[in-house]
$ cat start37.pdb   # PDB, C-alpha atoms
MODEL        1
ATOM      1  CA  MET S   1     -26.777  70.566 185.618
ATOM      2  CA  GLU S   2     -28.558  67.589 187.133
ATOM      3  CA  SER S   3     -28.488  67.295 190.925
ATOM      4  CA  LEU S   4     -26.815  64.396 192.712
ATOM      5  CA  VAL S   5     -30.165  63.359 194.206
ATOM      6  CA  SER S   6     -31.823  62.867 190.812
ATOM      7  CA  LYS S   7     -28.927  60.623 189.687
ATOM      8  CA  VAL S   8     -29.497  58.273 192.630
ATOM      9  CA  LEU S   9     -33.296  58.475 192.924
ATOM     10  CA  ASP S  10     -35.888  58.397 190.171
ATOM     11  CA  ASP S  11     -38.877  60.762 189.914
ATOM     12  CA  ILE S  12     -41.185  58.323 191.712
ATOM     13  CA  ASP S  13     -38.775  58.079 194.651
ATOM     14  CA  ILE S  14     -38.598  61.880 194.819
ATOM     15  CA  GLN S  15     -42.403  62.148 194.669
ATOM     16  CA  ILE S  16     -42.780  59.600 197.474
ATOM     17  CA  LEU S  17     -40.251  61.444 199.641
ATOM     18  CA  ASP S  18     -42.000  64.742 198.961
ATOM     19  CA  ILE S  19     -45.412  63.321 199.912
ATOM     20  CA  LEU S  20     -44.008  61.795 203.125
ATOM     21  CA  GLN S  21     -42.172  64.944 204.208
ATOM     22  CA  LYS S  22     -45.337  67.002 203.822
ATOM     23  CA  GLY S  23     -47.436  64.570 205.857
ATOM     24  CA  ALA S  24     -46.156  61.220 207.090
ATOM     25  CA  GLN S  25     -49.673  60.149 208.064
ATOM     26  CA  VAL S  26     -50.661  59.667 204.389
ATOM     27  CA  SER S  27     -51.589  56.037 203.856
ATOM     28  CA  ASN S  28     -49.571  53.738 201.637
ATOM     29  CA  SER S  29     -52.553  53.290 199.291
ATOM     30  CA  GLU S  30     -52.967  57.077 198.953
ATOM     31  CA  ILE S  31     -49.261  57.480 198.132
ATOM     32  CA  ALA S  32     -49.571  54.651 195.591
ATOM     33  CA  LYS S  33     -52.474  56.469 193.885
ATOM     34  CA  ARG S  34     -50.556  59.741 193.739
ATOM     35  CA  VAL S  35     -47.461  58.167 192.152
ATOM     36  CA  ASN S  36     -49.320  55.651 189.949
ATOM     37  CA  LEU S  37     -47.865  52.512 191.522
ATOM     38  CA  SER S  38     -49.427  49.517 193.251
ATOM     39  CA  PRO S  39     -49.530  49.673 197.072
ATOM     40  CA  PRO S  40     -47.029  46.764 197.428
ATOM     41  CA  ALA S  41     -44.563  48.430 195.025
ATOM     42  CA  THR S  42     -44.954  51.705 196.908
ATOM     43  CA  HIS S  43     -44.378  49.967 200.244
ATOM     44  CA  THR S  44     -41.224  48.319 198.870
ATOM     45  CA  ARG S  45     -39.882  51.682 197.687
ATOM     46  CA  ILE S  46     -40.582  53.353 201.034
ATOM     47  CA  LYS S  47     -38.794  50.543 202.888
ATOM     48  CA  ARG S  48     -35.818  50.861 200.487
ATOM     49  CA  LEU S  49     -35.707  54.634 201.035
ATOM     50  CA  GLU S  50     -35.645  54.031 204.796
ATOM     51  CA  VAL S  51     -32.902  51.389 204.565
ATOM     52  CA  GLU S  52     -30.802  53.616 202.283
ATOM     53  CA  GLY S  53     -31.069  56.469 204.776
ATOM     54  CA  TYR S  54     -33.193  58.925 202.768
ATOM     55  CA  ILE S  55     -35.822  58.815 205.519
ATOM     56  CA  ASN S  56     -34.326  59.405 208.973
ATOM     57  CA  GLN S  57     -37.540  59.089 210.965
ATOM     58  CA  GLN S  58     -41.223  59.850 210.886
ATOM     59  CA  VAL S  59     -42.445  62.022 213.752
ATOM     60  CA  SER S  60     -45.300  64.199 214.906
ATOM     61  CA  ILE S  61     -44.386  67.863 215.236
ATOM     62  CA  LEU S  62     -45.858  69.233 218.443
ATOM     63  CA  ASN S  63     -47.219  72.729 219.078
ATOM     64  CA  GLN S  64     -44.635  74.356 221.369
ATOM     65  CA  GLU S  65     -46.899  77.132 222.628
ATOM     66  CA  LYS S  66     -49.824  74.857 223.492
ATOM     67  CA  LEU S  67     -47.409  72.752 225.538
ATOM     68  CA  GLY S  68     -46.160  75.795 227.429
ATOM     69  CA  PHE S  69     -42.827  76.332 225.663
ATOM     70  CA  ASP S  70     -43.442  80.004 225.039
ATOM     71  CA  LEU S  71     -39.805  81.107 224.933
ATOM     72  CA  LEU S  72     -37.807  80.190 221.844
ATOM     73  CA  SER S  73     -34.261  81.505 221.702
ATOM     74  CA  PHE S  74     -31.226  81.317 219.481
ATOM     75  CA  ILE S  75     -28.014  81.198 221.442
ATOM     76  CA  PHE S  76     -24.629  81.803 219.871
ATOM     77  CA  ILE S  77     -21.768  80.384 221.917
ATOM     78  CA  SER S  78     -17.986  80.489 221.723
ATOM     79  CA  THR S  79     -15.449  78.375 223.523
ATOM     80  CA  ASN S  80     -11.683  78.340 223.908
ATOM     81  CA  ILE S  81     -11.676  74.539 223.799
ATOM     82  CA  HIS S  82      -9.666  73.241 220.855
ATOM     83  CA  GLN S  83      -8.750  69.674 221.832
ATOM     84  CA  GLU S  84     -10.856  67.120 219.997
ATOM     85  CA  GLU S  85     -11.600  65.032 223.098
ATOM     86  CA  LYS S  86     -12.811  68.067 225.052
ATOM     87  CA  LEU S  87     -14.887  69.292 222.091
ATOM     88  CA  ASN S  88     -16.520  65.842 221.913
ATOM     89  CA  VAL S  89     -17.398  66.084 225.612
ATOM     90  CA  LEU S  90     -18.888  69.569 225.059
ATOM     91  CA  GLU S  91     -20.908  68.461 222.034
ATOM     92  CA  LYS S  92     -22.222  65.371 223.840
ATOM     93  CA  ALA S  93     -23.307  67.611 226.725
ATOM     94  CA  LEU S  94     -25.143  69.919 224.299
ATOM     95  CA  VAL S  95     -26.835  66.955 222.592
ATOM     96  CA  ALA S  96     -27.976  65.612 225.976
ATOM     97  CA  MET S  97     -29.725  68.869 226.950
ATOM     98  CA  PRO S  98     -33.448  68.404 226.253
ATOM     99  CA  GLU S  99     -33.985  72.162 225.828
ATOM    100  CA  VAL S 100     -31.692  72.183 222.774
ATOM    101  CA  LEU S 101     -33.798  71.581 219.671
ATOM    102  CA  GLU S 102     -30.920  72.154 217.255
ATOM    103  CA  CYS S 103     -27.169  72.609 217.578
ATOM    104  CA  HIS S 104     -24.987  73.754 214.692
ATOM    105  CA  LEU S 105     -21.210  74.051 214.455
ATOM    106  CA  LEU S 106     -20.476  77.384 212.766
ATOM    107  CA  THR S 107     -17.790  79.257 210.932
ATOM    108  CA  GLY S 108     -17.237  82.897 211.786
ATOM    109  CA  GLU S 109     -17.470  84.826 215.036
ATOM    110  CA  TYR S 110     -19.189  82.108 217.107
ATOM    111  CA  ASP S 111     -18.507  78.391 217.359
ATOM    112  CA  TYR S 112     -22.046  77.034 217.829
ATOM    113  CA  LEU S 113     -25.642  78.104 217.331
ATOM    114  CA  LEU S 114     -28.304  76.565 219.553
ATOM    115  CA  LYS S 115     -32.054  76.669 219.047
ATOM    116  CA  VAL S 116     -33.498  76.366 222.536
ATOM    117  CA  ALA S 117     -37.072  75.942 223.821
ATOM    118  CA  ASN S 118     -37.903  77.020 227.376
ATOM    119  CA  LYS S 119     -41.168  77.620 229.196
ATOM    120  CA  ASP S 120     -40.135  80.977 230.689
ATOM    121  CA  ARG S 121     -37.248  83.341 231.518
ATOM    122  CA  LYS S 122     -36.341  81.419 234.677
ATOM    123  CA  GLU S 123     -35.826  78.236 232.658
ATOM    124  CA  LEU S 124     -33.737  80.180 230.150
ATOM    125  CA  GLU S 125     -31.597  81.620 232.947
ATOM    126  CA  SER S 126     -31.082  78.133 234.390
ATOM    127  CA  PHE S 127     -30.141  76.835 230.945
ATOM    128  CA  ILE S 128     -27.565  79.608 230.454
ATOM    129  CA  ARG S 129     -26.053  78.744 233.842
ATOM    130  CA  LYS S 130     -25.687  75.137 232.639
ATOM    131  CA  LEU S 131     -23.887  76.421 229.537
ATOM    132  CA  ASN S 132     -21.503  78.468 231.667
ATOM    133  CA  LYS S 133     -20.458  75.300 233.527
ATOM    134  CA  LEU S 134     -19.373  73.710 230.216
ATOM    135  CA  GLY S 135     -16.514  76.127 229.602
ATOM    136  CA  ILE S 136     -18.358  78.473 227.281
ATOM    137  CA  THR S 137     -16.445  81.747 227.002
ATOM    138  CA  ARG S 138     -19.018  83.871 225.195
ATOM    139  CA  ILE S 139     -22.808  83.676 224.926
ATOM    140  CA  GLN S 140     -25.184  85.825 222.895
ATOM    141  CA  THR S 141     -28.896  85.116 223.263
ATOM    142  CA  SER S 142     -31.596  86.326 220.889
ATOM    143  CA  LEU S 143     -35.254  85.724 221.719
ATOM    144  CA  SER S 144     -37.702  84.882 218.971
ATOM    145  CA  LEU S 145     -40.645  87.288 219.136
ATOM    146  CA  ARG S 146     -42.713  85.563 216.459
ATOM    147  CA  GLU S 147     -42.215  82.743 214.001
ATOM    148  CA  ILE S 148     -42.672  83.948 210.429
ATOM    149  CA  LYS S 149     -41.989  80.619 208.720
ATOM    150  CA  TYR S 150     -41.317  77.127 210.001
ATOM    151  CA  SER S 151     -40.822  74.201 207.690
ATOM    152  CA  THR S 152     -39.154  70.828 207.617
ATOM    153  CA  VAL S 153     -39.949  70.409 203.904
ATOM    154  CA  LEU S 154     -36.936  70.262 201.565
ATOM    155  CA  PRO S 155     -37.588  71.620 198.036
ATOM    156  CA  ILE S 156     -36.912  68.274 196.333
ATOM    157  CA  TRP S 157     -39.901  68.106 193.975
ATOM    158  CA  LYS S 158     -41.052  70.774 191.591
ATOM    159  CA  GLU S 159     -44.430  69.838 190.141
ATOM    160  CA  GLU S 160     -44.860  70.388 186.413
ATOM    161  CA  LYS S 161     -47.392  73.110 185.616
TER     162      LYS S 161
ENDMDL
END

$ encode --input "start37.pdb" --output "structure tokens"
Amino acid sequence: MESLVSKVLDDIDIQILDILQKGAQVSNSEIAKRVNLSPPATHTRIKRLEVEGYINQQVSILNQEKLGFDLLSFIFISTNIHQEEKLNVLEKALVAMPEVLECHLLTGEYDYLLKVANKDRKELESFIRKLNKLGITRIQTSLSLREIKYSTVLPIWKEEK
């Protein structure tokens, strides 16, 4: 069964996306060489992929530990809020918190999962106090001891062997 992505994008588009997601600093001419296109044609494709929303943004991923963010935690939260307007207010508050790297709406026992970066336990405690002010009814915090794998690379391209 062919995936939806391959029906919308051709192999060259997929290759370009794969190259960019593994290292956005690769030059246009280097991408062109890798996909056997001219640099202008490659540039046109990249711009189209951006306009069509396949590329959200190109960023530099910073080293959390070197910048002093030594405490990474995953926080499960539950709330008794069920009104859409109040949930929107809660979600906007979570989005606005700079410590929150990711926020996911869940099914199951908890309502949300937060990935949170803090410099130390005091910052984490302060963050949890901010959560309590939002009407959170239940919080479970798990600290990350060590990162085993971190990736932002989607498995969109399988190279032929």

$ resolve_selection --input "start37.pdb" --expression "the PyMOL selection byres ((chain S and resi 30-33) around 10)" --output "number ranges by chain"
S: 12, 15-17, 19-20, 26-29, 34-43

$ residues_near_point --input "start37.pdb" --point "(-23.3, 71.3, 228.4)" --cutoff "10 Å" --atoms "only C-alpha atoms" --output "number ranges by chain"
S: 89-97, 127-136

$ resolve_selection --input "start37.pdb" --expression "the PyMOL selection byres ((chain S and resi 107-111) around 9)" --output "ChimeraX atom specification"
/S:76-79,104-106,112-113,138-139

$ residues_around --input "start37.pdb" --residues "stretch 57-65 of chain S" --least-positions-apart "4" --cutoff "10 Å" --atoms "only C-alpha atoms" --output "ChimeraX atom specification"
/S:20-21,23-25,50,53,69-72,117-119,152

$ atom_distance --input "start37.pdb" --atom1 "atom CA of S:Ser144" --atom2 "atom CA of S:Ser73"
5.5 Å

$ closest_residue --input "start37.pdb" --among "S:Lys158, S:Lys86, S:Phe74, S:Ile46" --to "S:Leu145" --atoms "only C-alpha atoms"
S:Phe74

$ atom_distance --input "start37.pdb" --atom1 "atom CA of S:Glu52" --atom2 "atom CA of S:Asp10"
14.0 Å

$ closest_residue --input "start37.pdb" --among "S:Asn56, S:Leu49, S:Leu67, S:Glu99" --to "S:Ser126" --atoms "all atoms listed in the file"
S:Glu99

$ closest_residue --input "start37.pdb" --among "S:Val153, S:Gln140, S:Asn88, S:Lys115" --to "S:Leu101" --atoms "all atoms listed in the file"
S:Lys115

$ atom_distance --input "start37.pdb" --atom1 "atom CA of S:Val100" --atom2 "atom CA of S:Glu85"
21.3 Å
